[in-house]
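Dropping run.txt in here (compact mmCIF, C-alpha atoms):
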# COMPACT_ATOMS: atom_id res chain seq x y z
CA MET A 1 66.06 72.99 95.92
CA VAL A 2 67.19 76.01 97.91
CA GLU A 3 70.93 76.64 97.60
CA LYS A 4 72.77 76.57 100.91
CA HIS A 5 74.45 79.82 101.95
CA ARG A 6 77.95 79.68 103.41
CA TYR A 7 76.66 81.27 106.62
CA ASP A 8 74.03 78.55 107.17
CA ASP A 9 76.57 76.40 109.03
CA TYR A 10 76.60 79.02 111.79
CA ALA A 11 72.85 78.89 112.47
CA SER A 12 70.50 76.30 113.89
CA LEU A 13 66.75 76.07 114.32
CA THR A 14 65.53 75.80 117.90
CA SER A 15 62.15 76.00 119.58
CA ASN A 16 62.88 79.69 120.19
CA GLY A 17 63.80 80.46 116.58
CA ILE A 18 67.11 80.75 114.71
CA LYS A 19 70.17 80.59 116.97
CA LEU A 20 73.70 81.71 116.03
CA ASP A 21 76.82 79.67 116.72
CA ILE A 22 78.67 82.58 118.32
CA ALA A 23 81.97 80.73 118.73
CA GLY A 24 81.85 79.57 115.12
CA VAL A 25 81.06 83.06 113.81
CA ALA A 26 83.91 84.47 115.90
CA ALA A 27 86.35 81.89 114.49
CA LEU A 28 85.23 82.77 110.96
CA LEU A 29 85.78 86.49 111.56
CA ARG A 30 89.14 85.97 113.23
CA GLU A 31 90.33 84.11 110.16
CA GLU A 32 88.76 86.54 107.72
CA PHE A 33 90.13 89.68 109.39
CA HIS A 34 93.40 88.19 110.77
CA THR A 35 92.53 89.84 114.07
CA LEU A 36 94.85 90.65 116.93
CA THR A 37 94.48 92.59 120.15
CA TYR A 38 97.13 94.93 121.51
CA GLN A 39 96.77 96.98 124.68
CA GLY A 40 93.07 96.15 124.84
CA THR A 41 92.36 97.41 121.29
CA LEU A 42 91.18 95.05 118.54
CA TYR A 43 92.90 95.41 115.17
CA ILE A 44 91.78 93.96 111.84
CA TYR A 45 93.49 93.47 108.50
CA GLU A 46 91.95 95.17 105.46
CA ASP A 47 92.42 93.24 102.23
CA ALA A 48 91.59 96.35 100.19
CA THR A 49 94.45 98.41 101.65
CA GLY A 50 96.84 95.76 102.95
CA LEU A 51 96.90 97.53 106.33
CA TYR A 52 95.93 96.84 109.91
CA ARG A 53 93.35 99.23 111.38
CA GLU A 54 91.62 99.57 114.70
CA ASN A 55 88.23 97.89 114.58
CA LYS A 56 85.68 100.66 114.14
CA GLY A 57 82.56 98.52 113.87
CA GLN A 58 83.63 96.27 110.98
CA ILE A 59 83.35 93.13 113.11
CA GLU A 60 79.92 94.16 114.41
CA CYS A 61 78.78 94.99 110.87
CA ARG A 62 79.75 91.51 109.67
CA VAL A 63 77.87 89.88 112.57
CA GLN A 64 74.83 91.93 111.57
CA LYS A 65 75.13 90.73 107.97
CA ILE A 66 75.44 87.08 109.02
CA ALA A 67 72.48 87.42 111.36
CA GLU A 68 70.32 88.95 108.64
CA THR A 69 71.37 86.28 106.13
CA VAL A 70 70.43 83.35 108.38
CA LYS A 71 67.34 85.21 109.72
CA PHE A 72 68.60 85.19 113.30
CA THR A 73 65.74 85.79 115.75
CA GLY A 74 67.68 86.46 118.92
CA LEU A 75 68.90 89.73 120.40
CA ILE A 76 71.39 91.16 117.91
CA SER A 77 73.12 93.45 120.44
CA SER A 78 73.94 90.44 122.62
CA ALA A 79 75.18 88.47 119.60
CA LYS A 80 77.50 91.31 118.60
CA ARG A 81 78.81 91.76 122.12
CA GLU A 82 79.50 88.05 122.61
CA THR A 83 81.12 87.63 119.20
CA LEU A 84 83.33 90.66 119.80
CA SER A 85 84.44 89.18 123.11
CA TYR A 86 85.38 85.87 121.44
CA VAL A 87 87.33 87.73 118.76
CA ARG A 88 89.04 90.31 120.96
CA ASP A 89 90.27 87.90 123.62
CA HIS A 90 91.60 85.19 121.31
CA ASN A 91 94.87 86.55 119.87
CA ILE A 92 96.37 88.94 122.41
CA VAL A 93 99.90 90.23 121.76
CA THR A 94 101.90 91.92 124.50
CA GLU A 95 104.66 93.61 122.49
CA TYR A 96 104.15 96.26 119.80
CA PRO A 97 103.21 94.16 116.74
CA PHE A 98 103.18 96.60 113.82
CA ASN A 99 105.57 98.01 111.21
CA GLN A 100 108.42 95.62 111.96
CA TYR A 101 108.78 94.31 108.41
CA ALA A 102 111.93 95.44 106.63
CA GLY A 103 110.18 97.10 103.71
CA ILE A 104 108.43 100.23 102.56
CA PRO A 105 104.66 99.91 101.98
CA CYS A 106 103.82 101.74 98.74
CA GLU A 107 100.66 102.18 96.71
CA ASN A 108 101.45 99.22 94.47
CA GLY A 109 103.00 96.85 97.01
CA VAL A 110 105.71 96.54 99.63
CA LEU A 111 109.21 97.46 98.59
CA GLY A 112 111.37 94.84 100.27
CA ILE A 113 114.98 95.91 100.71
CA ASP A 114 118.08 93.84 101.36
CA TYR A 115 120.13 96.61 102.91
CA GLY A 116 123.32 94.59 102.93
CA ALA A 117 123.18 93.79 99.23
CA GLY A 118 121.34 96.96 98.27
CA THR A 119 118.72 95.04 96.29
CA LYS A 120 115.00 95.86 96.09
CA THR A 121 112.00 93.65 95.41
CA LEU A 122 108.35 94.63 95.13
CA GLU A 123 106.11 92.24 97.08
CA PRO A 124 102.35 92.01 97.58
CA PHE A 125 100.84 93.08 100.90
CA SER A 126 100.10 90.32 103.40
CA PRO A 127 98.72 90.19 106.97
CA GLU A 128 102.06 88.90 108.25
CA MET A 129 103.71 92.24 107.43
CA ARG A 130 101.35 94.07 109.81
CA PHE A 131 101.70 97.55 108.38
CA THR A 132 99.51 100.34 109.69
CA TYR A 133 100.54 102.84 107.00
CA LYS A 134 101.61 103.03 103.39
CA LEU A 135 103.03 105.70 101.14
CA PRO A 136 100.62 107.21 98.59
CA VAL A 137 103.22 106.84 95.84
CA THR A 138 103.90 104.08 93.33
CA TYR A 139 107.27 102.39 93.42
CA ASN A 140 108.77 102.57 89.94
CA PRO A 141 112.46 101.59 89.75
CA ALA A 142 112.77 103.26 86.34
CA ALA A 143 111.51 106.66 87.54
CA ASP A 144 114.09 109.44 87.18
CA PRO A 145 115.07 111.25 90.42
CA GLY A 146 116.57 114.11 88.40
CA PRO A 147 113.60 116.54 88.16
CA ILE A 148 113.05 116.70 91.93
CA GLY A 149 116.81 116.68 92.48
CA ASP A 150 117.21 119.84 90.37
CA ILE A 151 114.63 121.62 92.53
CA ILE A 152 116.22 120.49 95.80
CA ARG A 153 119.60 121.82 94.66
CA ALA A 154 117.99 125.22 94.06
CA TRP A 155 116.59 125.39 97.59
CA VAL A 156 119.76 124.99 99.67
CA GLU A 157 123.53 125.28 99.51
CA PRO A 158 125.39 122.29 98.00
CA GLU A 159 126.59 121.05 101.40
CA ASP A 160 122.99 120.86 102.64
CA VAL A 161 121.52 118.96 99.68
CA PRO A 162 122.20 115.52 101.26
CA LEU A 163 120.16 116.58 104.31
CA LEU A 164 116.98 116.95 102.25
CA TYR A 165 117.35 113.29 101.26
CA GLN A 166 118.55 112.24 104.71
CA ILE A 167 115.35 113.40 106.42
CA PRO A 168 112.98 111.06 104.51
CA ALA A 169 115.62 108.30 104.43
CA GLN A 170 115.92 108.44 108.22
CA ALA A 171 112.12 108.30 108.43
CA VAL A 172 112.01 105.18 106.24
CA LEU A 173 114.64 103.44 108.36
CA GLN A 174 113.10 104.37 111.70
CA ALA A 175 109.70 103.17 110.52
CA SER A 176 110.99 99.77 109.48
CA VAL A 177 114.34 98.26 110.42
CA LEU A 178 116.10 100.23 113.16
CA GLU A 179 116.16 98.93 116.73
CA LYS A 180 116.74 102.45 118.05
CA PRO A 181 116.33 105.86 116.42
CA PHE A 182 118.99 108.13 115.06
CA LYS A 183 119.12 110.95 117.59
CA LYS A 184 118.62 113.62 114.98
CA THR A 185 115.95 116.31 114.59
CA TYR A 186 115.79 118.96 111.87
CA LEU A 187 115.14 122.71 111.78
CA LEU A 188 114.66 124.35 108.38
CA GLN A 189 115.15 128.12 108.48
CA GLY A 190 114.53 130.69 105.77
CA ASP A 191 112.49 133.72 104.82
CA THR A 192 109.06 133.61 103.22
CA ASN A 193 109.02 131.96 99.76
CA ALA A 194 112.40 130.31 100.36
CA GLY A 195 111.08 126.82 99.54
CA LYS A 196 110.73 125.42 103.10
CA THR A 197 106.98 124.84 102.92
CA THR A 198 107.25 123.44 99.40
CA TYR A 199 109.78 120.92 100.67
CA LEU A 200 107.31 119.91 103.38
CA GLU A 201 104.62 119.53 100.72
CA LEU A 202 106.98 117.23 98.81
CA LEU A 203 107.33 115.06 101.91
CA TYR A 204 103.55 115.08 102.44
CA ALA A 205 103.06 113.99 98.82
CA VAL A 206 105.42 111.04 99.28
CA PHE A 207 104.54 109.98 102.83
CA GLY A 208 100.90 111.08 103.00
CA MET A 209 99.39 113.72 105.27
CA GLU A 210 97.62 110.98 107.22
CA ASN A 211 101.02 109.50 108.13
CA CYS A 212 102.35 112.74 109.62
CA SER A 213 101.60 114.47 112.92
CA GLY A 214 101.96 118.18 113.62
CA ILE A 215 103.06 118.79 117.20
CA ALA A 216 104.98 122.02 117.86
CA LEU A 217 108.37 121.78 119.54
CA GLN A 218 107.19 123.74 122.59
CA ARG A 219 104.22 121.37 123.08
CA LEU A 220 106.35 118.26 123.45
CA GLY A 221 107.08 118.96 127.08
CA THR A 222 103.71 120.38 128.07
CA ASP A 223 101.00 118.33 126.34
CA ARG A 224 100.65 114.85 127.84
CA PHE A 225 98.54 113.72 124.89
CA ALA A 226 101.15 114.71 122.29
CA LYS A 227 102.65 111.19 122.12
CA GLY A 228 99.25 109.75 121.20
CA ALA A 229 99.11 112.05 118.17
CA MET A 230 102.57 110.86 117.06
CA GLU A 231 101.95 107.14 117.52
CA GLY A 232 102.39 105.26 114.23
CA LYS A 233 103.39 108.42 112.29
CA ILE A 234 106.40 108.62 109.96
CA LEU A 235 107.11 112.33 110.41
CA ASN A 236 106.20 114.94 112.97
CA VAL A 237 106.16 118.18 110.97
CA TYR A 238 105.45 121.65 112.27
CA ASP A 239 105.64 124.59 109.87
CA ASP A 240 106.44 128.13 111.03
CA LEU A 241 107.74 127.30 114.48
CA SER A 242 106.95 130.05 116.96
CA GLU A 243 109.70 132.25 118.36
CA VAL A 244 108.51 131.37 121.86
CA PRO A 245 111.70 130.74 123.89
CA LEU A 246 112.76 127.15 124.44
CA SER A 247 112.87 126.01 128.05
CA ASN A 248 111.84 122.40 128.67
CA VAL A 249 113.90 120.42 126.17
CA GLY A 250 114.08 117.13 128.07
CA GLU A 251 111.07 115.64 126.30
CA LEU A 252 112.66 116.03 122.86
CA LYS A 253 115.78 114.26 124.07
CA THR A 254 113.65 111.45 125.47
CA LEU A 255 111.57 111.08 122.30
CA THR A 256 114.63 110.94 120.06
CA GLY A 257 116.53 108.57 122.35
CA THR A 258 114.31 105.50 122.16
CA PHE A 259 111.30 104.17 120.26
CA TYR A 260 109.14 102.98 123.15
CA HIS A 261 107.21 105.45 125.26
CA ASN A 262 104.25 105.65 127.58
CA VAL A 263 101.28 106.95 125.55
CA GLU A 264 98.20 108.66 126.96
CA ARG A 265 94.96 109.15 125.06
CA LYS A 266 91.85 110.84 126.34
CA GLY A 267 89.47 108.34 127.91
CA LYS A 268 91.97 105.45 127.82
CA ASP A 269 94.50 103.98 130.21
CA SER A 270 98.11 104.78 129.37
CA TYR A 271 100.08 102.08 127.55
CA GLN A 272 103.49 101.39 126.06
CA SER A 273 103.81 102.00 122.33
CA LYS A 274 106.30 102.71 119.57
CA ILE A 275 106.93 106.27 118.36
CA PHE A 276 109.34 106.23 115.44
CA CYS A 277 108.67 109.52 113.65
CA VAL A 278 111.40 111.94 112.60
CA PHE A 279 110.93 115.46 113.98
CA LEU A 280 111.03 118.29 111.45
CA PHE A 281 110.34 121.97 112.10
CA THR A 282 110.56 125.14 110.01
CA CYS A 283 110.90 128.78 111.00
CA ASN A 284 111.66 132.26 109.71
CA ALA A 285 113.76 132.86 112.83
CA PRO A 286 114.54 130.14 115.37
CA PRO A 287 113.30 130.27 118.97
CA THR A 288 115.63 131.80 121.54
CA PHE A 289 116.84 129.80 124.52
CA ASP A 290 118.03 130.33 128.07
CA SER A 291 121.44 129.59 129.57
CA ALA A 292 120.40 126.11 130.68
CA VAL A 293 119.57 125.12 127.10
CA LYS A 294 122.69 126.88 125.80
CA ASN A 295 124.92 124.60 127.84
CA ASP A 296 122.98 121.40 127.11
CA SER A 297 125.23 119.68 124.59
CA ALA A 298 122.95 116.62 124.46
CA PHE A 299 120.17 118.87 123.17
CA TRP A 300 122.27 120.46 120.43
CA GLU A 301 123.57 117.07 119.32
CA ARG A 302 119.98 116.20 118.44
CA TRP A 303 119.77 118.85 115.70
CA GLN A 304 120.62 119.55 112.10
CA TYR A 305 120.11 123.19 111.11
CA VAL A 306 119.32 123.69 107.42
CA VAL A 307 119.20 127.17 105.89
CA PHE A 308 117.06 127.92 102.83
CA PRO A 309 118.88 131.08 101.68
CA ASN A 310 117.02 131.92 98.47
CA SER A 311 113.69 133.48 97.54
CA PHE A 312 111.38 132.33 94.74
CA GLN A 313 108.41 133.82 92.98
CA VAL A 314 105.12 132.21 93.89
CA ASP A 315 104.02 129.75 91.18
CA PRO A 316 100.45 128.48 91.67
CA THR A 317 101.03 125.72 89.10
CA PHE A 318 104.23 124.39 90.69
CA LYS A 319 102.84 121.40 92.54
CA GLU A 320 100.60 120.33 89.67
CA ARG A 321 103.53 120.45 87.23
CA VAL A 322 106.26 119.01 89.42
CA PHE A 323 104.66 116.68 91.98
CA THR A 324 103.59 114.15 89.39
CA GLN A 325 103.45 110.47 90.25
CA THR A 326 106.50 109.84 88.06
CA ASN A 327 108.57 112.56 89.74
CA LEU A 328 107.49 111.45 93.21
CA SER A 329 108.50 107.89 92.33
CA GLY A 330 111.86 109.22 91.19
CA PHE A 331 112.33 111.08 94.47
CA LEU A 332 111.41 107.90 96.37
CA ASN A 333 114.13 106.05 94.45
CA ALA A 334 116.69 108.61 95.60
CA VAL A 335 115.43 108.40 99.19
CA VAL A 336 115.68 104.61 99.17
CA ASP A 337 119.24 104.80 97.85
CA ALA A 338 120.09 107.22 100.67
CA ALA A 339 118.49 104.86 103.22
CA ILE A 340 120.54 101.93 101.88
CA LEU A 341 123.75 103.97 102.12
CA ILE A 342 122.95 105.09 105.68
CA ARG A 343 122.17 101.52 106.70
CA GLN A 344 125.34 100.15 105.14
CA GLN A 345 127.51 102.88 106.69
CA ARG A 346 125.58 102.70 109.98
CA ARG A 347 125.69 106.46 110.23
CA LEU A 348 123.83 109.42 108.78
CA LEU A 349 125.01 111.16 105.65
CA VAL A 350 125.46 114.43 107.58
CA ASP A 351 125.94 114.66 111.34
CA SER A 352 126.96 118.13 112.52
CA ASN A 353 128.43 118.50 115.98
CA ALA A 354 126.56 120.25 118.78
CA TYR A 355 128.62 123.46 118.75
CA GLU A 356 128.24 124.01 115.00
CA VAL A 357 124.47 123.69 115.34
CA ARG A 358 124.29 125.96 118.38
CA ASP A 359 126.34 128.67 116.68
CA LYS A 360 124.24 128.57 113.53
CA TRP A 361 121.03 128.62 115.60
CA THR A 362 122.28 131.54 117.72
CA CYS A 363 123.39 133.56 114.72
CA ASN A 364 119.90 133.35 113.26
CA SER A 365 118.00 133.94 116.51
CA ASP A 366 120.14 136.77 117.90
CA PRO A 367 120.94 139.66 115.47
CA LEU A 368 123.58 141.08 117.80
CA TYR A 369 125.39 137.74 118.04
CA ARG A 370 125.27 137.44 114.26
CA PHE A 371 126.76 140.92 113.84
CA ILE A 372 129.59 140.13 116.21
CA MET A 373 130.38 136.81 114.54
CA GLU A 374 130.28 138.27 111.02
CA ASN A 375 132.01 141.63 111.60
CA LEU A 376 134.35 141.49 114.60
CA GLU A 377 137.59 139.70 115.29
CA LYS A 378 138.86 138.84 118.73
CA ARG A 379 142.22 140.52 119.48
CA GLU A 380 144.22 141.22 122.59
CA LYS A 381 144.34 144.73 124.04
CA THR A 382 141.89 146.29 121.58
CA TYR A 383 138.59 148.01 122.15
CA ILE A 384 135.82 149.81 120.32
CA GLN A 385 133.90 152.82 121.50
CA LYS A 386 130.34 151.99 122.58
CA ASP A 387 128.84 154.72 120.38
CA ASP A 388 130.83 153.55 117.35
CA PHE A 389 129.75 149.98 117.97
CA TYR A 390 126.12 151.02 118.28
CA LYS A 391 126.25 152.93 115.00
CA ALA A 392 127.87 149.97 113.25
CA VAL A 393 125.14 147.62 114.47
CA GLN A 394 122.43 150.00 113.28
CA THR A 395 123.88 150.26 109.80
Could you write out this structure as structure tokens?
Amino acid sequence: MVEKHRYDDYASLTSNGIKLDIAGVAALLREEFHTLTYQGTLYIYEDATGLYRENKGQIECRVQKIAETVKFTGLISSAKRETLSYVRDHNIVTEYPFNQYAGIPCENGVLGIDYGAGTKTLEPFSPEMRFTYKLPVTYNPAADPGPIGDIIRAWVEPEDVPLLYQIPAQAVLQASVLEKPFKKTYLLQGDTNAGKTTYLELLYAVFGMENCSGIALQRLGTDRFAKGAMEGKILNVYDDLSEVPLSNVGELKTLTGTFYHNVERKGKDSYQSKIFCVFLFTCNAPPTFDSAVKNDSAFWERWQYVVFPNSFQVDPTFKERVFTQTNLSGFLNAVVDAAILIRQQRRLLVDSNAYEVRDKWTCNSDPLYRFIMENLEKREKTYIQKDDFYKAVQT
């Protein structure tokens, strides 16, 4: 007796050969892949990763396998097209459906957080969570945050240490539980070998390069496809920001003011989507700006300016020694604690005012302004000879 295959129920013998039950196959695949359609794109759930992905032929591949198993004799291209239509048009959602679950997807499960109580629970992935990303780090509540903490304290001044935890904590919150973003963007400034790039590599190791975009600050207002690159990303990171002067800053204010934006992708109609990434840039010297930007307090309120004042010898073994899974898990523990504190306080750990940021930015972008601020005092009825001033600036 020939054993019946589970796909046999979706085939029947006719005078023209083996026919597929297209509606039945589509129902099977919808259940198997937990499919949904958003903005005309079909998404499927991957059991292996616990994530939702855009269908890239997986549905069609499964139809092919079923057809081969039951020895389907019809036109396979038509069968795939019809099945895809049944699947795509069944579960259509109109509002952004992903990354709404109040947890952090990690390599070994989803870290569920009760922000009010400050408690954490590791849960298995499920289709209902609808994550499109996960961190390539294992959650280990016993991991020590100390080793990474010692390195962070060597990079910046004590008052700026909380900022290097605030950046990833803000990213975690914006990716999961916040209804609107914190209006805060970050500029890390320092000379070569000051630790800025290594800090970025730490964030990449925890969040994953695939979960970060890399759009330069000056491109935000000029590249209409930039939002598409940032869609679904946790961080937008750009290293070594150019000294090209800032002019159009309205787009940054828009992007940091709300989550939902009109996204354009090449070859597709524009659509509404969620952009929740935190913007992070580094530079040796910050870009200059014109008078319009200088007087735009809403722009300066968007920024935290972090100086990396030290210089370190290049150590080719640093990442291999320090960015171990245990140390990364420890850093994640510290980030989660910072996120819980921010959520409970309903404010960021550090929130500099606009004028402090503008002065710090100007001091580092304009050597003459820095000299004046560091060496001169404002007094009534005093003056300095132009030649003497010039010599002082030169020395």
From the set A:Ser176, A:Asn364, A:Thr138, A:Ser85, which residue has the shortest atom-to-atom contact distance to Ala102 in chain A, counting all atoms listed in the file?
-> A:Ser176
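When all atoms listed in the file are used to measure the gap to Val322 in chain A, the shortest distance among A:Val237, A:Ala216, A:Val156, A:Ile148 belongs to A:Ile148.
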Contacts of Ala48 in chain A at 12 Å (all atoms listed in the file; same-chain gap of 4+ positions) as an NGL selection string = :A and (33 or 44 or 52-53 or 107-109 or 124-127)
Write out as a PyMOL selection string each polymer residue whose atoms come within 10 Å of range 203-215 of chain A, counting all atoms listed in the file; drop sequence neighbours fewer than 2 positions from it.
-> chain A and resi 106+132-138+164+167-168+171-172+197-201+217-220+223+226-239+277-281+319+323-325+328-329+331-332
Just how far from CA of Pro162 in chain A is CA of Val249 in chain A, in Å to one decimal?
-> 26.7 Å
One decimal, Å: what's the distance from CA of Val293 in chain A over to CA of Leu246 in chain A, could you say?
-> 7.6 Å
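Using only C-alpha atoms, the shortest contact distance between Ala354 in chain A and any of A:Asp89, A:Thr326, A:Tyr305, A:Ala169 is found at A:Tyr305.
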What is the distance, in Å and to one decimal place, between CA of Gln166 in chain A and CA of Gly103 in chain A?
->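 CA of Gln166 in chain A sits 17.3 Å away from CA of Gly103 in chain A.
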Point out the residue among A:Ala117, A:Ala142, A:Ala292, A:Leu13 with the least atom-to-atom distance to Val70 in chain A, counting all atoms listed in the file.
->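 Going through A:Ala117, A:Ala142, A:Ala292, A:Leu13 one by one, the smallest distance to Val70 in chain A is for A:Leu13.
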In terms of the shortest atom-to-atom distance over only C-alpha atoms, which of A:Gly40, A:Asn310, A:Asp160, A:Thr119 is closest to Gln272 in chain A?
->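 Among the listed residues, the smallest separation from Gln272 in chain A belongs to A:Gly40.
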Pick out the residues sitting within 12 Å of Leu348 in chain A, and hand them over as a PDB file with C-alpha atoms, in the frame of the given file; count only C-alpha atoms, and ignore anything fewer than 2 positions along from it in its own chain.
ATOM      1  CA  PRO A 162     122.200 115.520 101.260  1.00  0.00           C
ATOM      2  CA  LEU A 163     120.160 116.580 104.310  1.00  0.00           C
ATOM      3  CA  TYR A 165     117.350 113.290 101.260  1.00  0.00           C
ATOM      4  CA  GLN A 166     118.550 112.240 104.710  1.00  0.00           C
ATOM      5  CA  ILE A 167     115.350 113.400 106.420  1.00  0.00           C
ATOM      6  CA  PRO A 168     112.980 111.060 104.510  1.00  0.00           C
ATOM      7  CA  ALA A 169     115.620 108.300 104.430  1.00  0.00           C
ATOM      8  CA  GLN A 170     115.920 108.440 108.220  1.00  0.00           C
ATOM      9  CA  ALA A 171     112.120 108.300 108.430  1.00  0.00           C
ATOM     10  CA  LEU A 173     114.640 103.440 108.360  1.00  0.00           C
ATOM     11  CA  PRO A 181     116.330 105.860 116.420  1.00  0.00           C
ATOM     12  CA  PHE A 182     118.990 108.130 115.060  1.00  0.00           C
ATOM     13  CA  LYS A 183     119.120 110.950 117.590  1.00  0.00           C
ATOM     14  CA  LYS A 184     118.620 113.620 114.980  1.00  0.00           C
ATOM     15  CA  THR A 185     115.950 116.310 114.590  1.00  0.00           C
ATOM     16  CA  GLN A 304     120.620 119.550 112.100  1.00  0.00           C
ATOM     17  CA  ALA A 338     120.090 107.220 100.670  1.00  0.00           C
ATOM     18  CA  ALA A 339     118.490 104.860 103.220  1.00  0.00           C
ATOM     19  CA  ILE A 340     120.540 101.930 101.880  1.00  0.00           C
ATOM     20  CA  LEU A 341     123.750 103.970 102.120  1.00  0.00           C
ATOM     21  CA  ILE A 342     122.950 105.090 105.680  1.00  0.00           C
ATOM     22  CA  ARG A 343     122.170 101.520 106.700  1.00  0.00           C
ATOM     23  CA  GLN A 344     125.340 100.150 105.140  1.00  0.00           C
ATOM     24  CA  GLN A 345     127.510 102.880 106.690  1.00  0.00           C
ATOM     25  CA  ARG A 346     125.580 102.700 109.980  1.00  0.00           C
ATOM     26  CA  VAL A 350     125.460 114.430 107.580  1.00  0.00           C
ATOM     27  CA  ASP A 351     125.940 114.660 111.340  1.00  0.00           C
ATOM     28  CA  SER A 352     126.960 118.130 112.520  1.00  0.00           C
TER      29      SER A 352
END
Across A:Ile18, A:Val110, A:Val307, A:Cys363, the smallest distance to Val161 in chain A, with all atoms listed in the file counted, is shown by A:Val307
Contacts of Arg81 in chain A at 12 Å (all atoms listed in the file; same-chain gap of 4+ positions) as a VMD selection string = chain A and resid 22 to 23 26 57 59 to 61 63 to 64 75 to 77 85 to 88
Can you list, as a PyMOL selection string, every protein, DNA or RNA residue that comes within 12 Å of Gln313 in chain A when you count all atoms listed in the file, leaving out same-chain residues fewer than 5 positions away?
-> chain A and resi 192-195+318
